[in-house]
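**Student:** Just one file: work.cif, with mmCIF, C-alpha atoms and all ligand atoms.
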data_coords
#
loop_
_atom_site.group_PDB
_atom_site.id
_atom_site.type_symbol
_atom_site.label_atom_id
_atom_site.label_comp_id
_atom_site.auth_asym_id
_atom_site.auth_seq_id
_atom_site.Cartn_x
_atom_site.Cartn_y
_atom_site.Cartn_z
ATOM 1 C CA MET A 104 26.302 -5.225 -17.224
ATOM 2 C CA LYS A 105 26.888 -1.462 -17.178
ATOM 3 C CA ARG A 106 25.220 0.565 -14.436
ATOM 4 C CA SER A 107 23.078 3.545 -15.326
ATOM 5 C CA PRO A 108 23.952 6.879 -13.660
ATOM 6 C CA LEU A 109 20.568 6.703 -11.925
ATOM 7 C CA LEU A 110 21.441 3.353 -10.363
ATOM 8 C CA SER A 111 24.887 4.568 -9.314
ATOM 9 C CA TRP A 112 23.203 7.540 -7.635
ATOM 10 C CA LEU A 113 20.697 5.302 -5.811
ATOM 11 C CA SER A 114 23.504 3.014 -4.723
ATOM 12 C CA ARG A 115 25.521 5.945 -3.319
ATOM 13 C CA GLU A 116 22.489 7.415 -1.548
ATOM 14 C CA THR A 117 21.738 4.144 0.231
ATOM 15 C CA ALA A 118 25.310 2.893 0.806
ATOM 16 C CA GLU A 119 25.291 4.021 4.434
ATOM 17 C CA MET A 120 22.063 2.109 5.154
ATOM 18 C CA HIS A 121 23.567 -0.996 3.542
ATOM 19 C CA ARG A 122 26.643 -0.596 5.699
ATOM 20 C CA GLN A 123 24.504 -0.259 8.840
ATOM 21 C CA LEU A 124 22.557 -3.366 7.899
ATOM 22 C CA GLU A 125 25.476 -5.658 7.162
ATOM 23 C CA THR A 126 27.206 -4.592 10.375
ATOM 24 C CA THR A 127 24.256 -5.367 12.659
ATOM 25 C CA PRO A 128 25.447 -7.980 15.195
ATOM 26 C CA LEU A 129 23.404 -10.820 13.762
ATOM 27 C CA LEU A 130 24.093 -10.217 10.053
ATOM 28 C CA SER A 131 27.797 -9.607 10.563
ATOM 29 C CA LYS A 132 28.053 -13.069 12.134
ATOM 30 C CA LEU A 133 27.047 -14.599 8.804
ATOM 31 C CA LEU A 134 30.480 -13.909 7.361
ATOM 32 C CA GLY A 135 32.411 -15.053 10.404
ATOM 33 C CA ASP A 136 33.649 -18.569 11.081
ATOM 34 C CA SER A 137 31.738 -19.134 14.281
ATOM 35 C CA ILE A 138 28.057 -18.856 13.452
ATOM 36 C CA SER A 139 25.822 -21.425 15.112
ATOM 37 C CA LEU A 140 22.801 -23.162 13.714
ATOM 38 C CA GLU A 141 20.604 -21.238 16.154
ATOM 39 C CA GLU A 142 21.996 -17.939 14.888
ATOM 40 C CA VAL A 143 21.412 -18.859 11.239
ATOM 41 C CA SER A 144 17.847 -19.824 12.173
ATOM 42 C CA GLU A 145 17.353 -16.521 13.899
ATOM 43 C CA VAL A 146 18.594 -14.641 10.826
ATOM 44 C CA LEU A 147 16.163 -16.581 8.621
ATOM 45 C CA ASP A 148 13.367 -15.960 11.091
ATOM 46 C CA ARG A 149 13.972 -12.208 11.058
ATOM 47 C CA PHE A 150 14.066 -12.217 7.258
ATOM 48 C CA LEU A 151 10.752 -14.077 7.375
ATOM 49 C CA TRP A 152 9.304 -11.366 9.617
ATOM 50 C CA ALA A 153 10.472 -8.716 7.143
ATOM 51 C CA TYR A 154 9.534 -10.455 3.902
ATOM 52 C CA ARG A 155 5.969 -11.547 4.707
ATOM 53 C CA PRO A 156 4.504 -8.067 4.161
ATOM 54 C CA ILE A 157 7.055 -7.146 1.444
ATOM 55 C CA ASP A 158 6.054 -10.195 -0.634
ATOM 56 C CA ARG A 159 2.420 -9.109 -0.447
ATOM 57 C CA ALA A 160 3.214 -5.468 -1.232
ATOM 58 C CA LEU A 161 5.336 -6.442 -4.237
ATOM 59 C CA GLU A 162 2.769 -8.856 -5.589
ATOM 60 C CA ASP A 163 0.186 -6.049 -5.680
ATOM 61 C CA ALA A 164 2.604 -3.473 -7.052
ATOM 62 C CA LEU A 165 4.118 -5.665 -9.776
ATOM 63 C CA SER A 166 0.716 -6.572 -11.188
ATOM 64 C CA GLN A 167 -0.155 -2.881 -11.256
ATOM 65 C CA PHE A 168 3.073 -1.199 -12.418
ATOM 66 C CA LEU A 169 5.286 -3.920 -13.921
ATOM 67 C CA PRO A 170 2.933 -6.688 -15.075
ATOM 68 C CA THR A 171 5.612 -8.573 -17.026
ATOM 69 C CA CYS A 172 8.071 -8.576 -14.137
ATOM 70 C CA ARG A 173 8.224 -11.487 -11.688
ATOM 71 C CA THR A 174 10.262 -12.088 -8.594
ATOM 72 C CA PRO A 175 9.898 -15.194 -6.441
ATOM 73 C CA PRO A 176 8.200 -14.598 -3.077
ATOM 74 C CA ARG A 177 10.770 -15.116 -0.352
ATOM 75 C CA THR A 178 8.356 -16.316 2.364
ATOM 76 C CA PRO A 179 8.087 -19.934 1.072
ATOM 77 C CA LEU A 180 11.882 -20.187 0.683
ATOM 78 C CA LEU A 181 12.446 -18.953 4.209
ATOM 79 C CA THR A 182 9.809 -21.267 5.667
ATOM 80 C CA ALA A 183 11.309 -24.233 3.784
ATOM 81 C CA ASP A 184 14.852 -23.394 4.941
ATOM 82 C CA LEU A 185 13.735 -23.089 8.550
ATOM 83 C CA ALA A 186 11.986 -26.447 8.250
ATOM 84 C CA ALA A 187 15.126 -28.007 6.691
ATOM 85 C CA LEU A 188 17.085 -26.742 9.696
ATOM 86 C CA GLY A 189 14.540 -28.395 11.967
ATOM 87 C CA GLN A 190 13.219 -25.023 13.032
ATOM 88 C CA PRO A 191 9.494 -24.365 12.670
ATOM 89 C CA SER A 192 8.695 -20.708 11.984
ATOM 90 C CA ARG A 193 7.938 -18.770 15.144
ATOM 91 C CA LYS A 194 4.890 -16.668 15.809
ATOM 92 C CA HIS A 195 5.500 -13.066 14.807
ATOM 93 C CA GLU A 196 3.847 -9.847 15.776
ATOM 94 C CA PRO A 197 2.111 -8.691 12.585
ATOM 95 C CA VAL A 198 4.099 -6.009 10.792
ATOM 96 C CA THR A 199 2.978 -3.762 7.990
ATOM 97 C CA PHE A 200 4.801 -2.697 4.867
ATOM 98 C CA SER A 201 2.498 -0.609 2.732
ATOM 99 C CA SER A 202 2.113 -1.327 -0.985
ATOM 100 C CA PRO A 203 3.975 1.201 -3.111
ATOM 101 C CA GLY A 204 1.750 3.654 -4.953
ATOM 102 C CA THR A 205 3.972 4.433 -7.952
ATOM 103 C CA LEU A 206 6.315 2.753 -10.428
ATOM 104 C CA PRO A 207 9.508 4.441 -9.128
ATOM 105 C CA GLU A 208 8.672 3.540 -5.532
ATOM 106 C CA THR A 209 8.200 -0.084 -6.655
ATOM 107 C CA LEU A 210 11.600 0.028 -8.407
ATOM 108 C CA GLY A 211 13.162 1.371 -5.201
ATOM 109 C CA ILE A 212 11.825 -1.592 -3.223
ATOM 110 C CA LEU A 213 12.943 -4.043 -5.910
ATOM 111 C CA TYR A 214 16.414 -2.484 -5.879
ATOM 112 C CA VAL A 215 16.762 -3.580 -2.250
ATOM 113 C CA THR A 216 15.215 -7.037 -2.575
ATOM 114 C CA GLU A 217 16.962 -7.986 -5.821
ATOM 115 C CA GLY A 218 20.232 -6.310 -4.782
ATOM 116 C CA SER A 219 20.250 -8.301 -1.559
ATOM 117 C CA THR A 220 20.632 -11.498 -3.611
ATOM 118 C CA LEU A 221 24.173 -10.325 -4.462
ATOM 119 C CA GLY A 222 25.093 -10.418 -0.802
ATOM 120 C CA GLY A 223 23.077 -13.636 -0.417
ATOM 121 C CA THR A 224 25.369 -15.421 -2.866
ATOM 122 C CA VAL A 225 28.418 -14.442 -0.817
ATOM 123 C CA ILE A 226 26.661 -15.523 2.391
ATOM 124 C CA ALA A 227 25.575 -18.901 0.966
ATOM 125 C CA GLY A 228 29.219 -19.668 0.084
ATOM 126 C CA ARG A 229 30.397 -18.703 3.570
ATOM 127 C CA LEU A 230 27.705 -20.766 5.301
ATOM 128 C CA GLU A 231 28.576 -23.809 3.267
ATOM 129 C CA ARG A 232 32.120 -23.518 4.555
ATOM 130 C CA SER A 233 31.288 -22.643 8.174
ATOM 131 C CA LEU A 234 28.445 -25.183 8.546
ATOM 132 C CA PRO A 235 29.604 -27.931 6.152
ATOM 133 C CA ARG A 236 27.236 -30.568 7.515
ATOM 134 C CA ILE A 237 24.109 -28.617 6.832
ATOM 135 C CA PRO A 238 22.525 -29.778 3.568
ATOM 136 C CA ARG A 239 22.866 -27.245 0.755
ATOM 137 C CA HIS A 240 19.137 -27.140 0.139
ATOM 138 C CA ALA A 241 18.684 -25.520 3.566
ATOM 139 C CA PHE A 242 20.199 -22.342 2.117
ATOM 140 C CA SER A 243 17.719 -21.823 -0.720
ATOM 141 C CA PHE A 244 16.960 -18.262 0.393
ATOM 142 C CA PHE A 245 20.598 -17.154 0.378
ATOM 143 C CA SER A 246 21.430 -18.932 -2.866
ATOM 144 C CA LEU A 247 18.478 -17.465 -4.765
ATOM 145 C CA GLY A 248 20.809 -15.094 -6.634
ATOM 146 C CA GLU A 249 22.672 -17.906 -8.359
ATOM 147 C CA ARG A 250 19.713 -20.134 -9.111
ATOM 148 C CA GLU A 251 18.767 -18.796 -12.529
ATOM 149 C CA SER A 252 20.437 -17.240 -15.493
ATOM 150 C CA PRO A 253 19.902 -14.362 -16.016
ATOM 151 C CA SER A 254 19.986 -13.793 -12.278
ATOM 152 C CA LEU A 255 17.366 -11.760 -10.411
ATOM 153 C CA TRP A 256 19.825 -8.853 -10.246
ATOM 154 C CA GLU A 257 20.486 -9.012 -14.016
ATOM 155 C CA LYS A 258 16.738 -9.059 -14.659
ATOM 156 C CA PHE A 259 16.364 -6.043 -12.408
ATOM 157 C CA LEU A 260 19.079 -4.182 -14.346
ATOM 158 C CA MET A 261 17.157 -4.872 -17.568
ATOM 159 C CA ILE A 262 14.032 -3.087 -16.338
ATOM 160 C CA PHE A 263 15.805 -0.296 -14.498
ATOM 161 C CA PRO A 264 15.612 3.040 -16.388
ATOM 162 C CA SER A 265 18.847 4.712 -17.446
ATOM 163 C CA ALA A 266 17.578 8.176 -16.516
ATOM 164 C CA PRO A 267 14.796 9.490 -14.287
ATOM 165 C CA ALA A 268 11.616 10.649 -16.016
ATOM 166 C CA SER A 269 11.533 13.625 -13.591
ATOM 167 C CA GLY A 270 12.908 14.871 -10.283
ATOM 168 C CA ASP A 271 9.879 13.359 -8.563
ATOM 169 C CA PHE A 272 10.764 10.011 -10.119
ATOM 170 C CA SER A 273 14.194 10.001 -8.423
ATOM 171 C CA GLN A 274 12.724 11.020 -5.079
ATOM 172 C CA GLU A 275 10.067 8.296 -5.218
ATOM 173 C CA LEU A 276 12.729 5.770 -6.198
ATOM 174 C CA LEU A 277 14.868 6.773 -3.242
ATOM 175 C CA ARG A 278 11.860 6.760 -0.909
ATOM 176 C CA GLY A 279 11.017 3.174 -1.941
ATOM 177 C CA ALA A 280 14.608 2.037 -1.350
ATOM 178 C CA THR A 281 15.152 3.833 1.967
ATOM 179 C CA ARG A 282 11.902 2.690 3.537
ATOM 180 C CA THR A 283 12.746 -0.871 2.528
ATOM 181 C CA PHE A 284 16.239 -0.633 4.036
ATOM 182 C CA ARG A 285 14.657 0.862 7.184
ATOM 183 C CA HIS A 286 12.241 -2.069 7.382
ATOM 184 C CA PHE A 287 15.193 -4.506 7.275
ATOM 185 C CA LEU A 288 17.087 -2.428 9.815
ATOM 186 C CA ASP A 289 14.052 -2.778 12.104
ATOM 187 C CA ALA A 290 14.100 -6.529 11.557
ATOM 188 C CA PHE A 291 17.772 -6.808 12.509
ATOM 189 C CA SER A 292 18.017 -4.155 15.197
ATOM 190 C CA PRO A 293 19.465 -5.640 18.363
ATOM 191 C CA ARG A 294 16.780 -6.848 20.741
ATOM 192 C CA ASP A 295 16.376 -9.702 23.115
ATOM 193 C CA SER A 296 17.051 -12.873 21.250
ATOM 194 C CA THR A 297 13.930 -14.845 20.475
ATOM 195 C CA ILE A 298 15.944 -17.906 21.380
ATOM 196 C CA SER A 299 16.096 -18.842 25.033
ATOM 197 C CA PRO A 300 17.396 -22.022 26.615
ATOM 198 C CA SER A 301 13.976 -22.915 27.951
ATOM 199 C CA ASP A 302 12.321 -22.465 24.558
ATOM 200 C CA PRO A 303 11.089 -25.936 23.534
ATOM 201 C CA GLN A 304 11.602 -25.076 19.836
ATOM 202 C CA THR A 305 15.252 -24.357 20.543
ATOM 203 C CA THR A 306 15.638 -27.606 22.350
ATOM 204 C CA ARG A 307 14.157 -29.355 19.361
ATOM 205 C CA LEU A 308 16.489 -27.467 17.012
ATOM 206 C CA SER A 309 19.666 -28.256 18.867
ATOM 207 C CA GLY A 310 18.723 -31.744 19.887
ATOM 208 C CA GLN A 311 16.914 -33.065 16.897
ATOM 209 C CA HIS A 312 18.342 -31.265 13.951
ATOM 210 C CA LEU A 313 21.946 -31.094 15.019
ATOM 211 C CA ALA A 314 21.841 -34.808 15.610
ATOM 212 C CA GLU A 315 20.406 -35.329 12.130
ATOM 213 C CA SER A 316 22.911 -33.073 10.428
ATOM 214 C CA LEU A 317 25.837 -34.608 12.212
ATOM 215 C CA SER A 318 24.916 -38.174 11.415
ATOM 216 C CA PRO A 319 27.022 -39.629 8.572
HETATM 217 C C1 LIG B 401 25.839 -9.836 5.958
HETATM 218 C C2 LIG B 401 24.947 -9.286 5.180
HETATM 219 C C3 LIG B 401 25.263 -8.739 3.800
HETATM 220 C C4 LIG B 401 26.401 -8.785 3.083
HETATM 221 C C5 LIG B 401 27.714 -9.416 3.441
HETATM 222 C C6 LIG B 401 26.154 -8.123 1.828
HETATM 223 C C7 LIG B 401 27.053 -8.009 0.816
HETATM 224 C C8 LIG B 401 26.803 -7.500 -0.424
HETATM 225 C C9 LIG B 401 27.653 -7.595 -1.578
HETATM 226 C C10 LIG B 401 29.002 -8.315 -1.618
HETATM 227 C C11 LIG B 401 27.064 -6.946 -2.589
HETATM 228 C C12 LIG B 401 27.593 -6.808 -4.003
HETATM 229 C C13 LIG B 401 28.301 -5.497 -4.165
HETATM 230 C C14 LIG B 401 28.795 -5.293 -5.576
HETATM 231 O O1 LIG B 401 28.778 -6.221 -6.396
HETATM 232 O O2 LIG B 401 29.216 -4.175 -5.877
HETATM 233 C C15 LIG B 401 25.809 -6.436 -2.082
HETATM 234 C C16 LIG B 401 24.936 -5.692 -2.795
HETATM 235 C C17 LIG B 401 23.723 -5.267 -2.317
HETATM 236 N N1 LIG B 401 23.135 -5.629 -1.122
HETATM 237 FE FE1 LIG B 401 24.031 -6.551 0.372
HETATM 238 N N2 LIG B 401 24.877 -7.675 1.830
HETATM 239 C C18 LIG B 401 24.299 -8.045 3.009
HETATM 240 C C19 LIG B 401 23.019 -7.831 3.405
HETATM 241 C C20 LIG B 401 22.103 -7.153 2.657
HETATM 242 C C21 LIG B 401 20.727 -6.980 3.036
HETATM 243 C C22 LIG B 401 20.072 -7.602 4.282
HETATM 244 C C23 LIG B 401 20.162 -6.213 2.077
HETATM 245 C C24 LIG B 401 18.755 -5.749 1.968
HETATM 246 C C25 LIG B 401 17.720 -6.423 2.409
HETATM 247 C C26 LIG B 401 21.181 -5.906 1.095
HETATM 248 C C27 LIG B 401 20.992 -5.141 -0.028
HETATM 249 C C28 LIG B 401 21.920 -5.011 -1.043
HETATM 250 C C29 LIG B 401 21.730 -4.204 -2.233
HETATM 251 C C30 LIG B 401 20.515 -3.344 -2.546
HETATM 252 C C31 LIG B 401 22.856 -4.367 -3.032
HETATM 253 C C32 LIG B 401 23.136 -3.742 -4.379
HETATM 254 C C33 LIG B 401 23.977 -2.530 -4.106
HETATM 255 C C34 LIG B 401 24.474 -1.899 -5.366
HETATM 256 O O3 LIG B 401 25.435 -2.447 -5.921
HETATM 257 O O4 LIG B 401 23.936 -0.897 -5.764
HETATM 258 N N3 LIG B 401 22.340 -6.511 1.478
HETATM 259 N N4 LIG B 401 25.672 -6.802 -0.770
#
How does this structure look as C-alpha cells?

**Tutor:**
Amino acid sequence: MKRSPLLSWLSRETAEMHRQLETTPLLSKLLGDSISLEEVSEVLDRFLWAYRPIDRALEDALSQFLPTCRTPPRTPLLTADLAALGQPSRKHEPVTFSSPGTLPETLGILYVTEGSTLGGTVIAGRLERSLPRIPRHAFSFFSLGERESPSLWEKFLMIFPSAPASGDFSQELLRGATRTFRHFLDAFSPRDSTISPSDPQTTRLSGQHLAESLSP
C-alpha cells in the first residue's frame, strides 16, 4: 500500500526515536539468539506497564474522534502471554498517559501502536526460533500484526489522511507520536531489573514454567 507524503514525513521525524527504542538493552535482546524466558517476561511486563494507560486513552479518543475505528486493547494480550509463560503480572507504579484531545493527536498515537505491530511480527518469528519450546500462543502480543487480514497496520493506512488539513494538524500528529514514543522509551529505559534471584515470582517462573515448557 502506497505511503502518503504526510506519513513519510511522520516516519522520518520519528525515525530517531524508533532507533533509540529498538536499541535499548532489553528490546535489542529480542532479536538476538540468547534471550532468556525471564528477559522475554520482563519485556512483556514493561509493555504492560506502558499499554495499560494507552489502552484507556485510546478507547476514549477513538469513540470521540474515530468512532468506526477499532484496535484491540493490548493489556489482555500481555496479561495472557505472561500467564502462558508462567509469569503473573507484577505490581506496577501507576503511570499516566493523558487522553488525546484532537483527531491528529489520536492518529499520532495510533501510528506508534499500529506501526509497532510491524516490528512485532519480526520479533514473534525470532522468538519462535530462539525459544522453540515455548508454545506459540504465548506470543499473542507480538504476533498481533499477522492475526487478521487486513492487518492493523493496513487498517491504519486506510484511515490515515494523505495530506494535513493544516499546519496545526501536522504538529498535533507529531506531538501524539513523539509523546507515545517517549512513553515507551520511559518503559524501556535501563533501570534495575525487576527480576531478582530472591523474587519468589522469578523462582516460580524458572522452576515451574521452564519445567513445563521443556517437558515433551
Ligand atoms: C526490538 C524492537 C523492534 C524492532 C526490531 C522493530 C522493527 C520494526 C520493523 C522491521 C518495522 C517495519 C519497517 C518497514 O516496514 O519499513 C517497524 C516499524 C515500526 N515500528 Fe518498530 N520495532 C521494534 C520496536 C518498536 C516499538 C517498541 C515501537 C513502538 C511502541 C515501534 C514502532 C514502530 C512504528 C511506528 C513503525 C512504523 C514505522 C514506519 O514505517 O513509518 N517499534 N519496526

**Student:** Do you have, as a tab-separated table, the list of residues of chain A lying at most 9 Å from ligand LIG 401 (chain B), each with its nearest atom pair and that distance in Å to one decimal, counting only C-alpha atoms and all ligand atoms and ordered by chain then number?

**Tutor:**
residue	atom	partner	partner_atom	distance
A:Arg106	CA	B:LIG401	O4	8.9
A:Leu110	CA	B:LIG401	O4	6.7
A:Ser111	CA	B:LIG401	O4	6.6
A:Trp112	CA	B:LIG401	O4	8.7
A:Leu113	CA	B:LIG401	O4	7.0
A:Ser114	CA	B:LIG401	O4	4.1
A:Arg115	CA	B:LIG401	O4	7.4
A:Thr117	CA	B:LIG401	C30	8.1
A:Ala118	CA	B:LIG401	C33	7.4
A:Met120	CA	B:LIG401	C27	9.0
A:His121	CA	B:LIG401	C26	6.0
A:Arg122	CA	B:LIG401	N2	8.3
A:Leu124	CA	B:LIG401	C22	6.1
A:Glu125	CA	B:LIG401	C2	4.2
A:Thr126	CA	B:LIG401	C1	7.0
A:Thr127	CA	B:LIG401	C1	8.2
A:Leu129	CA	B:LIG401	C1	8.2
A:Leu130	CA	B:LIG401	C1	4.5
A:Ser131	CA	B:LIG401	C1	5.0
A:Lys132	CA	B:LIG401	C1	7.3
A:Leu133	CA	B:LIG401	C1	5.7
A:Leu134	CA	B:LIG401	C1	6.3
A:Phe150	CA	B:LIG401	C22	8.1
A:Ala153	CA	B:LIG401	C25	9.0
A:Ile212	CA	B:LIG401	C30	8.9
A:Leu213	CA	B:LIG401	C30	8.3
A:Tyr214	CA	B:LIG401	C30	5.4
A:Val215	CA	B:LIG401	C30	3.8
A:Thr216	CA	B:LIG401	C25	5.6
A:Glu217	CA	B:LIG401	C30	6.7
A:Gly218	CA	B:LIG401	C29	3.6
A:Ser219	CA	B:LIG401	C27	3.6
A:Thr220	CA	B:LIG401	N1	6.8
A:Leu221	CA	B:LIG401	C11	4.8
A:Gly222	CA	B:LIG401	C8	3.4
A:Gly223	CA	B:LIG401	N2	6.6
A:Thr224	CA	B:LIG401	C10	8.1
A:Val225	CA	B:LIG401	C10	6.2
A:Ile226	CA	B:LIG401	C5	6.3
A:Trp256	CA	B:LIG401	C32	8.5
A:Ala280	CA	B:LIG401	C30	8.1
A:Thr283	CA	B:LIG401	C25	7.5
A:Phe284	CA	B:LIG401	C24	6.1
A:His286	CA	B:LIG401	C25	8.6
A:Phe287	CA	B:LIG401	C25	5.8
A:Leu288	CA	B:LIG401	C22	8.1
A:Phe291	CA	B:LIG401	C22	8.6

**Student:** For the structure provided, state which residues fall under the PyMOL selection byres (((chain A and resi 193) around 10) and not hetatm), and present them as a list in words.

**Tutor:**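 Evaluating the PyMOL selection byres (((chain A and resi 193) around 10) and not hetatm) on this file yields Glu145, Asp148, Arg149, Leu151, Trp152, Thr182, Leu185, Gln190, Pro191, Ser192, Lys194, His195, Glu196, Thr297 and Gln304 of chain A.
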
**Student:** Any chance you could export the current selection's C-alpha atoms as an mmCIF file, in the coordinates of the input?

**Tutor:**
data_model
loop_
_atom_site.group_PDB
_atom_site.id
_atom_site.type_symbol
_atom_site.label_atom_id
_atom_site.label_comp_id
_atom_site.auth_asym_id
_atom_site.auth_seq_id
_atom_site.Cartn_x
_atom_site.Cartn_y
_atom_site.Cartn_z
ATOM 1 C CA GLU A 145 17.353 -16.521 13.899
ATOM 2 C CA ASP A 148 13.367 -15.960 11.091
ATOM 3 C CA ARG A 149 13.972 -12.208 11.058
ATOM 4 C CA LEU A 151 10.752 -14.077 7.375
ATOM 5 C CA TRP A 152 9.304 -11.366 9.617
ATOM 6 C CA THR A 182 9.809 -21.267 5.667
ATOM 7 C CA LEU A 185 13.735 -23.089 8.550
ATOM 8 C CA GLN A 190 13.219 -25.023 13.032
ATOM 9 C CA PRO A 191 9.494 -24.365 12.670
ATOM 10 C CA SER A 192 8.695 -20.708 11.984
ATOM 11 C CA LYS A 194 4.890 -16.668 15.809
ATOM 12 C CA HIS A 195 5.500 -13.066 14.807
ATOM 13 C CA GLU A 196 3.847 -9.847 15.776
ATOM 14 C CA THR A 297 13.930 -14.845 20.475
ATOM 15 C CA GLN A 304 11.602 -25.076 19.836
#

**Student:** Atom CA of Gly228 of chain A and atom CA of Glu162 of chain A, how far apart in Å?

**Tutor:**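 Interatomic distance here is 29.1 Å.
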
**Student:** Calculated over all atoms listed in the file, which of the candidates A:Leu188, A:Ala160, A:Arg177, A:Phe259 has the smallest distance to Arg236 of chain A?

**Tutor:**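 For Arg236 of chain A, the nearest of the candidates is A:Leu188.
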
**Student:** Just to confirm, what's the straight-line distance from atom CA of Leu260 of chain A to atom CA of Leu165 of chain A in Å (one decimal)?

**Tutor:**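 Going from atom CA of Leu260 of chain A over to atom CA of Leu165 of chain A, I get 15.7 Å.
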
**Student:** Would you please work out which residue, of A:Ser144, A:Gln123, A:Pro128, A:Arg155, is nearest to Pro293 of chain A when using all atoms listed in the file?

**Tutor:**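 Residue with the minimum atom-to-atom distance to Pro293 of chain A: A:Pro128.
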
**Student:** Just to confirm, what's the straight-line distance from atom CA of Glu116 of chain A to atom CA of Ser269 of chain A in Å (one decimal)?

**Tutor:**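 Taking atom CA of Glu116 of chain A and atom CA of Ser269 of chain A, their separation equals 17.4 Å.
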
**Student:** Quick one: of A:Leu180, A:Ile138, A:Val146, A:Met104, who's nearest to Asp158 of chain A, counting all atoms listed in the file?

**Tutor:**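 Of A:Leu180, A:Ile138, A:Val146, A:Met104, the one nearest Asp158 of chain A, counting all atoms listed in the file, is A:Leu180.
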
**Student:** Would you output segment 221-271 of chain A from that structure, restricted to C-alpha atoms, as a compact mmCIF listing (two decimals), in the first residue's frame?

**Tutor:**
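Full text of result.txt as output:
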# COMPACT_ATOMS: atom_id res chain seq x y z
CA LEU A 221 5.25 -4.46 12.08
CA GLY A 222 8.22 -4.93 14.36
CA GLY A 223 6.17 -7.34 16.48
CA THR A 224 5.80 -9.70 13.53
CA VAL A 225 9.57 -9.80 13.07
CA ILE A 226 10.06 -10.34 16.82
CA ALA A 227 7.48 -13.16 17.01
CA GLY A 228 9.36 -15.03 14.25
CA ARG A 229 12.69 -14.58 16.04
CA LEU A 230 11.30 -15.71 19.40
CA GLU A 231 9.84 -18.82 17.87
CA ARG A 232 13.31 -19.71 16.65
CA SER A 233 15.24 -18.71 19.78
CA LEU A 234 12.75 -20.21 22.27
CA PRO A 235 11.35 -23.13 20.23
CA ARG A 236 9.81 -24.90 23.22
CA ILE A 237 7.61 -22.03 24.23
CA PRO A 238 4.08 -22.55 22.90
CA ARG A 239 3.20 -20.19 20.05
CA HIS A 240 0.13 -18.88 21.83
CA ALA A 241 2.41 -17.28 24.45
CA PHE A 242 3.42 -14.72 21.81
CA SER A 243 -0.05 -13.37 21.04
CA PHE A 244 1.04 -9.78 21.70
CA PHE A 245 3.96 -9.90 19.26
CA SER A 246 2.03 -11.77 16.59
CA LEU A 247 -0.94 -9.39 16.65
CA GLY A 248 0.18 -7.84 13.35
CA GLU A 249 -0.30 -11.06 11.41
CA ARG A 250 -3.51 -12.21 13.05
CA GLU A 251 -6.02 -10.55 10.74
CA SER A 252 -6.29 -9.54 7.15
CA PRO A 253 -6.26 -6.63 6.54
CA SER A 254 -3.67 -6.21 9.26
CA LEU A 255 -3.85 -3.49 11.91
CA TRP A 256 -1.20 -1.53 10.00
CA GLU A 257 -3.16 -1.80 6.72
CA LYS A 258 -6.31 -0.63 8.52
CA PHE A 259 -4.35 2.29 9.92
CA LEU A 260 -3.13 3.23 6.43
CA MET A 261 -6.76 3.27 5.24
CA ILE A 262 -7.78 5.93 7.76
CA PHE A 263 -4.59 7.96 7.58
CA PRO A 264 -5.06 11.23 5.62
CA SER A 265 -2.95 11.80 2.52
CA ALA A 266 -2.37 15.47 3.36
CA PRO A 267 -2.63 17.55 6.53
CA ALA A 268 -5.73 19.71 6.92
CA SER A 269 -3.47 22.49 8.29
CA GLY A 270 -0.04 23.15 9.77
CA ASP A 271 -1.53 22.65 13.22
